[in-house]
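**Student:** Data file structure31.cif (mmCIF, C-alpha atoms and all ligand atoms) is appended below.
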```cif
data_my_file
#
loop_
_atom_site.label_atom_id
_atom_site.label_comp_id
_atom_site.auth_asym_id
_atom_site.auth_seq_id
_atom_site.Cartn_x
_atom_site.Cartn_y
_atom_site.Cartn_z
CA MET A 1 116.44 98.23 100.60
CA ALA A 2 112.95 99.73 100.42
CA ALA A 3 111.35 100.27 103.83
CA VAL A 4 108.61 97.76 104.60
CA ASN A 5 105.38 99.45 105.53
CA LEU A 6 103.91 97.57 108.46
CA GLY A 7 100.49 99.10 108.17
CA LEU A 8 101.00 101.47 111.08
CA PRO A 9 97.79 103.03 112.32
CA ARG A 10 97.05 106.49 110.91
CA SER A 11 95.47 109.14 113.02
CA ALA A 12 92.45 110.94 111.62
CA ARG A 13 90.79 113.38 113.97
CA ALA A 14 87.11 114.18 113.77
CA SER A 15 87.25 117.97 113.94
CA GLY A 16 85.24 120.74 112.30
CA GLU A 17 82.19 119.27 110.59
CA PRO A 18 81.69 115.96 108.74
CA ARG A 19 81.75 116.32 104.92
CA VAL A 20 78.13 115.65 104.06
CA GLU A 21 77.40 118.04 101.17
CA GLY A 22 74.63 116.56 98.98
CA ARG A 23 73.68 113.90 101.52
CA PRO A 24 69.90 113.43 101.97
CA ASP A 25 68.78 113.55 105.60
CA VAL A 26 68.31 109.80 106.15
CA PRO A 27 69.31 107.87 109.28
CA GLY A 28 71.25 105.00 107.66
CA LEU A 29 74.84 104.75 106.48
CA LEU A 30 74.21 105.86 102.89
CA ASP A 31 77.06 106.71 100.51
CA ARG A 32 77.31 108.91 97.40
CA HIS A 33 77.01 105.82 95.20
CA GLY A 34 73.64 104.76 96.64
CA ARG A 35 74.87 101.92 98.84
CA VAL A 36 73.75 101.50 102.45
CA ALA A 37 76.08 99.84 104.97
CA ARG A 38 74.40 97.43 107.37
CA ASP A 39 77.17 94.96 108.10
CA LEU A 40 79.68 96.08 110.74
CA ARG A 41 83.19 94.66 111.18
CA VAL A 42 84.98 95.67 114.36
CA SER A 43 88.67 94.93 114.76
CA VAL A 44 89.60 94.40 118.39
CA THR A 45 93.38 93.94 118.15
CA GLU A 46 96.38 94.01 115.82
CA LYS A 47 97.97 91.02 117.61
CA CYS A 48 97.91 87.54 116.13
CA SER A 49 99.01 84.00 116.91
CA LEU A 50 99.88 83.39 113.22
CA ARG A 51 101.88 85.31 110.63
CA CYS A 52 100.08 84.52 107.35
CA THR A 53 102.32 85.75 104.56
CA TYR A 54 99.40 87.42 102.72
CA CYS A 55 98.55 89.46 105.81
CA MET A 56 101.23 90.01 108.46
CA PRO A 57 104.95 90.72 108.42
CA GLU A 58 107.13 88.05 110.01
CA GLU A 59 107.70 90.15 113.15
CA GLY A 60 104.00 90.96 113.57
CA LEU A 61 102.46 94.44 113.48
CA PRO A 62 103.76 97.17 115.77
CA ALA A 63 101.88 96.95 119.08
CA ILE A 64 99.08 99.44 119.57
CA PRO A 65 99.50 101.06 123.01
CA ARG A 66 96.86 99.67 125.35
CA ASP A 67 95.24 103.05 126.01
CA GLU A 68 94.74 103.53 122.25
CA LEU A 69 92.63 100.36 121.91
CA LEU A 70 88.90 100.66 122.32
CA THR A 71 87.67 99.22 125.62
CA PRO A 72 84.75 96.76 125.84
CA VAL A 73 82.52 99.62 127.06
CA GLU A 74 83.52 101.81 124.07
CA ILE A 75 83.06 98.98 121.58
CA ALA A 76 79.61 98.16 122.96
CA ARG A 77 78.61 101.82 122.85
CA LEU A 78 79.67 102.16 119.20
CA VAL A 79 77.86 98.98 118.19
CA GLY A 80 74.76 100.21 120.07
CA ILE A 81 74.86 103.49 118.11
CA GLY A 82 75.38 101.54 114.90
CA VAL A 83 72.35 99.35 115.57
CA HIS A 84 69.92 101.83 117.16
CA ASP A 85 70.73 104.95 115.10
CA LEU A 86 72.37 103.78 111.89
CA GLY A 87 70.66 100.57 110.75
CA ILE A 88 73.45 98.07 111.44
CA ARG A 89 72.05 94.51 111.34
CA GLU A 90 75.00 92.35 112.22
CA VAL A 91 78.38 92.71 113.86
CA ARG A 92 81.50 90.62 113.44
CA PHE A 93 84.59 90.94 115.62
CA THR A 94 87.87 90.45 113.85
CA GLY A 95 91.49 91.59 113.98
CA GLY A 96 94.37 90.65 114.06
CA GLU A 97 93.19 87.65 115.95
CA PRO A 98 90.20 88.46 118.17
CA LEU A 99 91.05 85.54 120.52
CA MET A 100 94.25 87.42 121.43
CA ARG A 101 92.07 89.77 123.48
CA ALA A 102 91.73 88.33 126.96
CA ASP A 103 88.56 90.41 127.41
CA LEU A 104 86.79 89.14 124.26
CA ALA A 105 83.97 87.57 126.30
CA GLU A 106 83.47 90.93 128.00
CA ILE A 107 83.38 92.69 124.62
CA ILE A 108 80.78 90.21 123.35
CA GLY A 109 78.74 90.32 126.57
CA MET A 110 78.57 94.12 126.63
CA THR A 111 77.79 94.27 122.93
CA HIS A 112 75.00 91.74 123.38
CA ALA A 113 73.58 93.81 126.23
CA ALA A 114 73.76 97.01 124.11
CA ALA A 115 72.14 95.40 121.05
CA PRO A 116 70.41 92.13 122.06
CA ALA A 117 68.58 91.63 118.76
CA ILE A 118 71.57 91.40 116.45
CA ASP A 119 73.77 88.51 115.47
CA ILE A 120 77.30 88.57 116.91
CA SER A 121 80.05 86.60 115.21
CA ILE A 122 83.84 86.43 115.10
CA THR A 123 86.32 85.71 112.35
CA THR A 124 89.17 83.73 113.85
CA ASN A 125 92.08 81.51 112.96
CA GLY A 126 90.62 79.07 115.51
CA ILE A 127 93.73 78.76 117.70
CA GLY A 128 92.64 78.52 121.33
CA LEU A 129 88.96 78.58 120.40
CA ASP A 130 88.37 75.23 122.11
CA HIS A 131 89.29 76.76 125.48
CA ARG A 132 87.47 80.05 125.01
CA LEU A 133 84.25 78.99 123.30
CA PRO A 134 82.07 78.18 126.33
CA ALA A 135 82.60 81.67 127.81
CA LEU A 136 82.12 83.37 124.42
CA VAL A 137 78.87 81.51 123.71
CA ALA A 138 77.61 82.26 127.22
CA ALA A 139 78.37 85.95 126.58
CA GLY A 140 76.24 86.00 123.41
CA LEU A 141 78.37 84.77 120.50
CA ASN A 142 76.14 83.37 117.73
CA ARG A 143 78.55 82.29 114.99
CA VAL A 144 82.21 81.84 114.11
CA ASN A 145 84.01 81.91 110.76
CA ILE A 146 87.30 80.05 110.87
CA SER A 147 90.16 80.68 108.46
CA LEU A 148 91.81 77.55 107.09
CA ASP A 149 93.84 77.67 103.87
CA THR A 150 95.10 74.10 103.67
CA VAL A 151 94.84 70.75 105.46
CA ASP A 152 98.47 69.94 104.70
CA ARG A 153 100.49 70.54 107.87
CA GLU A 154 103.71 71.52 106.07
CA HIS A 155 101.95 73.92 103.73
CA PHE A 156 100.07 75.40 106.68
CA ALA A 157 103.31 75.98 108.60
CA ALA A 158 104.96 77.61 105.57
CA LEU A 159 101.98 79.87 104.81
CA THR A 160 101.31 80.98 108.37
CA ARG A 161 104.93 80.80 109.61
CA ARG A 162 103.62 78.71 112.55
CA ASP A 163 103.14 74.91 112.86
CA ARG A 164 99.65 75.18 114.42
CA LEU A 165 97.33 73.19 112.14
CA PRO A 166 96.32 70.72 114.93
CA ALA A 167 95.24 73.68 117.09
CA VAL A 168 93.02 74.96 114.27
CA PHE A 169 91.44 71.51 113.89
CA ALA A 170 90.76 71.52 117.65
CA GLY A 171 89.06 74.93 117.30
CA ILE A 172 86.87 73.66 114.45
CA ALA A 173 85.89 70.56 116.44
CA ALA A 174 84.98 72.76 119.43
CA ALA A 175 82.80 75.02 117.27
CA HIS A 176 80.95 71.94 115.98
CA ALA A 177 80.55 70.56 119.48
CA ALA A 178 79.11 73.91 120.61
CA GLY A 179 76.49 73.65 117.83
CA LEU A 180 77.75 76.70 115.90
CA THR A 181 76.75 75.15 112.60
CA PRO A 182 76.88 75.34 109.65
CA LEU A 183 80.43 76.36 110.33
CA LYS A 184 81.99 78.60 107.66
CA LEU A 185 85.62 78.18 106.67
CA ASN A 186 87.53 80.87 104.75
CA ALA A 187 90.53 80.00 102.60
CA VAL A 188 92.71 82.55 100.81
CA MET A 189 93.77 81.12 97.47
CA MET A 190 97.53 81.03 97.25
CA ARG A 191 99.76 79.49 94.61
CA GLN A 192 101.59 77.33 97.19
CA THR A 193 98.35 75.71 98.34
CA LEU A 194 96.41 75.62 95.04
CA ALA A 195 97.15 71.96 94.29
CA GLY A 196 95.75 71.07 97.74
CA ALA A 197 92.47 72.96 97.20
CA PRO A 198 90.50 69.77 96.30
CA ASP A 199 91.78 68.11 99.52
CA LEU A 200 90.63 71.13 101.51
CA LEU A 201 87.18 71.02 99.91
CA ALA A 202 86.92 67.25 100.52
CA TRP A 203 87.89 67.81 104.18
CA ALA A 204 85.31 70.60 104.57
CA LEU A 205 82.54 68.43 103.08
CA GLU A 206 83.50 65.49 105.26
CA HIS A 207 83.43 67.68 108.39
CA GLY A 208 80.17 69.44 107.52
CA CYS A 209 81.76 72.88 106.99
CA ARG A 210 80.81 75.50 104.37
CA LEU A 211 84.03 76.42 102.61
CA ARG A 212 84.62 79.74 100.85
CA PHE A 213 87.72 80.51 98.87
CA ILE A 214 88.87 84.15 98.72
CA GLU A 215 91.05 85.73 96.06
CA GLN A 216 94.17 87.21 97.60
CA MET A 217 93.97 91.01 97.80
CA PRO A 218 96.90 93.45 97.93
CA LEU A 219 96.60 93.86 101.68
CA ASP A 220 99.76 92.15 102.90
CA ALA A 221 102.02 94.20 105.16
CA ASP A 222 105.06 93.26 103.05
CA HIS A 223 103.45 94.64 99.87
CA SER A 224 104.55 91.62 97.87
CA TRP A 225 101.16 91.00 96.16
CA LEU A 226 101.41 90.87 92.38
CA ARG A 227 98.40 90.63 90.08
CA GLU A 228 100.21 88.16 87.83
CA ASN A 229 101.02 85.85 90.79
CA MET A 230 97.61 85.74 92.42
CA VAL A 231 95.32 82.77 91.89
CA SER A 232 92.11 83.80 90.15
CA ALA A 233 88.68 82.30 90.80
CA GLU A 234 88.78 80.86 87.29
CA GLU A 235 92.08 79.08 87.95
CA LEU A 236 90.79 77.70 91.26
CA LEU A 237 87.61 76.40 89.59
CA ALA A 238 89.69 74.54 87.01
CA VAL A 239 91.68 72.84 89.79
CA LEU A 240 88.58 71.94 91.84
CA ARG A 241 86.93 70.50 88.73
CA THR A 242 89.66 67.91 88.44
CA ARG A 243 87.90 66.20 91.37
CA PHE A 244 84.41 67.70 91.74
CA ASP A 245 81.46 68.48 89.52
CA LEU A 246 80.58 72.16 90.12
CA VAL A 247 77.43 74.00 88.98
CA GLU A 248 77.05 77.74 89.60
CA VAL A 249 74.04 78.66 91.76
CA GLY A 250 74.78 82.38 92.34
CA ARG A 251 74.82 84.42 95.55
CA ASP A 252 72.84 83.71 98.75
CA ASP A 253 71.68 87.35 98.61
CA PRO A 254 72.66 90.29 96.36
CA SER A 255 75.15 91.76 98.87
CA ALA A 256 76.80 88.39 99.68
CA PRO A 257 80.40 88.50 98.42
CA ALA A 258 80.57 84.76 97.68
CA GLU A 259 79.27 83.15 94.51
CA GLU A 260 78.11 79.64 95.37
CA TRP A 261 78.71 76.45 93.41
CA LEU A 262 76.81 73.20 93.94
CA VAL A 263 79.27 70.36 94.58
CA ASP A 264 78.63 66.97 92.94
CA GLY A 265 74.90 67.65 92.58
CA GLY A 266 74.49 69.01 96.13
CA PRO A 267 73.25 69.62 98.70
CA SER A 268 76.68 71.00 99.69
CA THR A 269 78.07 74.11 98.06
CA VAL A 270 81.43 75.84 97.88
CA GLY A 271 81.74 79.63 97.77
CA ILE A 272 84.21 81.72 95.85
CA ILE A 273 84.86 85.35 96.75
CA ALA A 274 86.42 86.84 93.63
CA SER A 275 87.21 90.22 95.19
CA VAL A 276 89.84 91.01 92.57
CA THR A 277 88.70 89.51 89.28
CA ARG A 278 84.92 89.94 89.79
CA SER A 279 84.66 92.89 92.14
CA PHE A 280 81.41 93.19 94.08
CA CYS A 281 82.09 96.75 95.29
CA ALA A 282 78.81 97.99 93.75
CA ALA A 283 76.86 95.89 96.27
CA CYS A 284 79.18 96.43 99.27
CA ASP A 285 77.30 96.90 102.55
CA ARG A 286 80.27 96.98 104.96
CA THR A 287 81.40 99.54 107.46
CA ARG A 288 84.46 98.98 109.61
CA ILE A 289 85.79 100.17 112.95
CA THR A 290 89.50 99.68 113.58
CA ALA A 291 90.92 98.55 116.92
CA GLU A 292 91.81 102.19 117.70
CA GLY A 293 88.28 103.35 116.99
CA THR A 294 88.43 104.89 113.52
CA VAL A 295 85.67 104.32 110.97
CA ARG A 296 86.98 102.91 107.74
CA SER A 297 84.46 102.99 104.91
CA CYS A 298 86.42 100.71 102.55
CA LEU A 299 89.28 98.20 102.94
CA PHE A 300 91.09 100.15 100.25
CA GLY A 301 90.38 103.70 101.42
CA ASP A 302 92.89 105.24 103.80
CA ASP A 303 90.53 108.04 104.84
CA GLU A 304 89.46 107.31 108.40
CA THR A 305 87.33 109.14 110.92
CA ASP A 306 88.36 109.02 114.56
CA LEU A 307 85.38 108.11 116.73
CA ARG A 308 87.55 107.28 119.74
CA SER A 309 88.45 110.90 120.37
CA LEU A 310 84.75 111.78 120.12
CA LEU A 311 83.88 109.01 122.60
CA ARG A 312 86.59 110.07 125.02
CA GLY A 313 85.84 113.77 124.50
CA GLY A 314 82.30 113.33 125.84
CA ALA A 315 80.36 113.43 122.53
CA ASP A 316 76.76 112.20 122.75
CA ASP A 317 75.33 109.39 120.58
CA PRO A 318 73.76 111.69 117.92
CA GLU A 319 77.12 113.47 117.45
CA ILE A 320 79.00 110.18 117.01
CA ALA A 321 76.32 108.93 114.62
CA ARG A 322 76.64 112.14 112.58
CA TRP A 323 80.40 111.63 112.10
CA TRP A 324 79.93 107.94 111.25
CA ARG A 325 77.33 108.88 108.61
CA GLY A 326 79.72 111.49 107.20
CA ALA A 327 82.53 108.93 107.00
CA MET A 328 80.34 106.49 105.08
CA TRP A 329 78.86 109.17 102.76
CA ASN A 330 82.37 109.64 101.37
CA LYS A 331 83.03 105.93 100.74
CA GLN A 332 84.87 105.38 97.48
CA SER A 333 83.03 103.61 94.65
CA GLY A 334 85.42 100.64 94.43
CA HIS A 335 88.83 99.26 95.30
CA GLY A 336 90.43 100.62 92.12
CA MET A 337 92.74 97.63 91.62
CA GLU A 338 91.99 97.67 87.90
CA ARG A 339 93.39 101.22 87.54
CA ALA A 340 96.94 101.76 86.29
CA GLY A 341 98.99 103.19 89.13
CA PHE A 342 96.86 101.52 91.83
CA VAL A 343 98.52 101.95 95.22
CA PRO A 344 97.59 99.56 98.06
CA PRO A 345 96.29 101.10 101.27
CA VAL A 346 98.68 102.07 104.08
CA ARG A 347 97.12 99.66 106.55
CA SER A 348 97.48 95.94 105.92
CA MET A 349 94.58 93.49 106.40
CA GLY A 350 95.65 92.63 109.95
CA ALA A 351 95.69 96.32 110.87
CA ILE A 352 92.26 97.01 109.34
CA GLY A 353 90.30 93.92 110.32
CA GLY A 354 89.21 91.59 107.52
N1 LIG B 1 92.81 86.35 112.41
C1 LIG B 1 91.49 86.11 111.98
C2 LIG B 1 91.44 85.16 110.82
O1 LIG B 1 92.48 84.92 110.20
O2 LIG B 1 90.36 84.66 110.53
C3 LIG B 1 90.71 87.37 111.66
C4 LIG B 1 91.43 88.46 110.92
S1 LIG B 1 91.89 88.07 109.27
C5 LIG B 1 92.62 89.57 108.76
C6 LIG B 1 90.29 88.04 108.47
C7 LIG B 1 90.23 87.36 107.13
O3 LIG B 1 91.00 88.10 106.20
C8 LIG B 1 90.79 85.95 107.14
O4 LIG B 1 89.82 85.07 106.60
C9 LIG B 1 91.98 86.04 106.23
O5 LIG B 1 92.20 84.86 105.52
C10 LIG B 1 91.60 87.19 105.32
N2 LIG B 1 92.75 87.85 104.68
C11 LIG B 1 93.86 88.30 105.27
N3 LIG B 1 94.69 88.85 104.36
C12 LIG B 1 94.07 88.75 103.17
C13 LIG B 1 94.42 89.12 101.84
N4 LIG B 1 95.57 89.72 101.56
N5 LIG B 1 93.53 88.87 100.84
C14 LIG B 1 92.36 88.26 101.11
N6 LIG B 1 91.96 87.88 102.34
C15 LIG B 1 92.82 88.10 103.36
FE1 LIG B 2 96.57 86.53 111.75
FE2 LIG B 2 94.24 86.30 110.47
FE3 LIG B 2 96.22 87.82 109.46
FE4 LIG B 2 96.53 85.18 109.49
S1 LIG B 2 94.94 86.33 108.35
S2 LIG B 2 98.06 86.70 110.13
S3 LIG B 2 95.49 84.61 111.30
S4 LIG B 2 95.13 88.19 111.30
#
```
Starting from the coordinates I provided, produce the structure as structure tokens.
Ligand code: SAM
Ligand code: SF4

**Tutor:**
Amino acid sequence: MAAVNLGLPRSARASGEPRVEGRPDVPGLLDRHGRVARDLRVSVTEKCSLRCTYCMPEEGLPAIPRDELLTPVEIARLVGIGVHDLGIREVRFTGGEPLMRADLAEIIGMTHAAAPAIDISITTNGIGLDHRLPALVAAGLNRVNISLDTVDREHFAALTRRDRLPAVFAGIAAAHAAGLTPLKLNAVMMRQTLAGAPDLLAWALEHGCRLRFIEQMPLDADHSWLRENMVSAEELLAVLRTRFDLVEVGRDDPSAPAEEWLVDGGPSTVGIIASVTRSFCAACDRTRITAEGTVRSCLFGDDETDLRSLLRGGADDPEIARWWRGAMWNKQSGHGMERAGFVPPVRSMGAIGG
């Protein structure tokens, strides 16, 4: 049997000099293809309370030793450098499941203190959010995106390998009660849940949530993604149109990944992120930090730059910023899924931070 790659963390030391040949001397996170990254995703853990089949292996990801995870102080310092030296405008904490970190409020609080002017959000599966939200909001959390693929309890349990749909609903209700609106919901389009997509949209509209469907990308730890099995945006639209009238209204802004559709004449919309069939790599403005403190310039690029060893080795802010700029200068032009012989990245989505 072929070995399953669990998306084990790779080590990538920042030694020598960053590769910046041809790079103009500008402060921001510019790449060779003219894009500038301003949107930072920081993964804070590989642990998760669910085991979504498109993301995690059944047994979960191998645990990252505690001393290899960035601490709240280190995370806040990196975000501060990103904001003050590199032009980052928003930060989102993700994972794994960010709520699995007992010190998430500390991470948010320190980040808020290091960069008070920027928006701080989390992407979460919502489980346990009802208990944690007051402390997170008090620490400086501005927004949450909650992942919800189906409102059918059996389908949810099969897709996530956990019967936790009521806990997700409780998390959504808590986010509403805390005034974190409009609440965004993310749904990965899967064949098993496609027939229930209109029910999910109806539920989102009824509960005042902004729903976005995402095409499944080849980022599952089990490497079972197949182009011919994935649900395309076009196929999803056809299913949604059996119940709703949809009119395309375009993107909220040019770098927004979701194309919006007006539902039944509005004012509500539904978003579709067609990462595979209508790639938006040319407008990508993301930069990512993994839970172990490496910069990842693209979900699909395994080249990483280790900022943690710089942090722990006593590097000053300008030195860390220089390596981060170098990492982003070498960002690949696109995910390359359309190429024959495309090979998915070593890390899975849960090990990168989606
Ligand atoms: N655990 C949190 C959650 O589920 O929201 C945060 C981490 S999760 C990796 C971030 C986002 O990535 C979720 O919205 C999830 O649905 C999405 N995701 C995971 N695997 C994916 C895949 N193979 N293709 C597309 N999106 C994926
Ligand atoms: Fe966990 Fe999020 Fe991955 Fe699902 S998508 S397994 S909730 S990290």

**Student:** Please identify every polymer residue within 7 Å of ligand LIG 1 (chain B), using all atoms listed in the file, and present the set as a ChimeraX atom specification.

**Tutor:** /A:48,54-55,94-98,123-125,145-147,186-188,214-220,349-350,353-354

**Student:** Can you list, as a list in words, every protein, DNA or RNA residue that comes within 12 Å of Gly301 of chain A when you count only C-alpha atoms, leaving out same-chain residues fewer than 5 positions away?

**Tutor:**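 Contacts, with the query itself left out: Arg10, Leu219, Thr287, Arg288, Val295, Arg296, Ala327, Met328, Asn330, Lys331, Gln332, Ser333, Gly334, His335, Gly336, Met337, Phe342, Val343, Pro344, Pro345, Val346, Arg347, Ser348 and Ile352 of chain A.
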
**Student:** Show me as number ranges by chain the residues that reach within 12 Å of (83.7, 80.7, 129.1), counting all atoms listed in the file and using the file's own coordinates.

**Tutor:** A: 102-106, 108-109, 129-141, 178

**Student:** Return the single residue from A:Phe244, A:Glu21, A:Leu237, A:Ala321 that is closest to Asp264 of chain A, with distances computed using all atoms listed in the file.

**Tutor:**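 Going through A:Phe244, A:Glu21, A:Leu237, A:Ala321 one by one, the smallest distance to Asp264 of chain A is for A:Phe244.
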
**Student:** Need the shell around Asp39 of chain A: protein/DNA/RNA residues with any atom at most 7 Å away, counting all atoms listed in the file. Skip same-chain ones fewer than 3 positions apart. Format as a list in words?

**Tutor:**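 Near neighbours after the sequence-gap exclusion: Ile88, Arg89, Glu90, Val91, Asp285, Arg286 and Thr287 of chain A.
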
**Student:** Keeping only C-alpha atoms, write the selected residues as a PDB file, in the coordinates of the input.

**Tutor:**
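So the final result, stored in out-v3.pdb, reads:
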```pdb
ATOM      1  CA  ILE A  88      73.450  98.070 111.440  1.00  0.00           C
ATOM      2  CA  ARG A  89      72.050  94.510 111.340  1.00  0.00           C
ATOM      3  CA  GLU A  90      75.000  92.350 112.220  1.00  0.00           C
ATOM      4  CA  VAL A  91      78.380  92.710 113.860  1.00  0.00           C
ATOM      5  CA  ASP A 285      77.300  96.900 102.550  1.00  0.00           C
ATOM      6  CA  ARG A 286      80.270  96.980 104.960  1.00  0.00           C
ATOM      7  CA  THR A 287      81.400  99.540 107.460  1.00  0.00           C
TER       8      THR A 287
END
```

**Student:** If you count only C-alpha atoms, which residues fall within 12 Å of Arg38 of chain A, apart from same-chain ones fewer than 3 positions away, as a ChimeraX atom specification?

**Tutor:** /A:27-31,35,41,79,82-92,118,255,283-288,297,325,328

**Student:** Counting all atoms listed in the file, which of A:Ser43, A:Ser121, A:Ser279, A:Ser224 gets nearest to ligand LIG 2 (chain B)?

**Tutor:**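 Of the candidates, the smallest distance to ligand LIG 2 (chain B) is held by A:Ser43.
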
**Student:** Measure the distance from atom CA of Ala175 of chain A to atom CA of Asn142 of chain A in Å and round it to one decimal.

**Tutor:** 10.7 Å

**Student:** Kindly indicate which residue among A:Ala238, A:Ala351, A:Phe300, A:Arg77 lies nearest to ligand LIG 2 (chain B), using all atoms listed in the file for the distances.

**Tutor:**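 When distances to ligand LIG 2 (chain B) are compared using all atoms listed in the file, the smallest one comes from A:Ala351.
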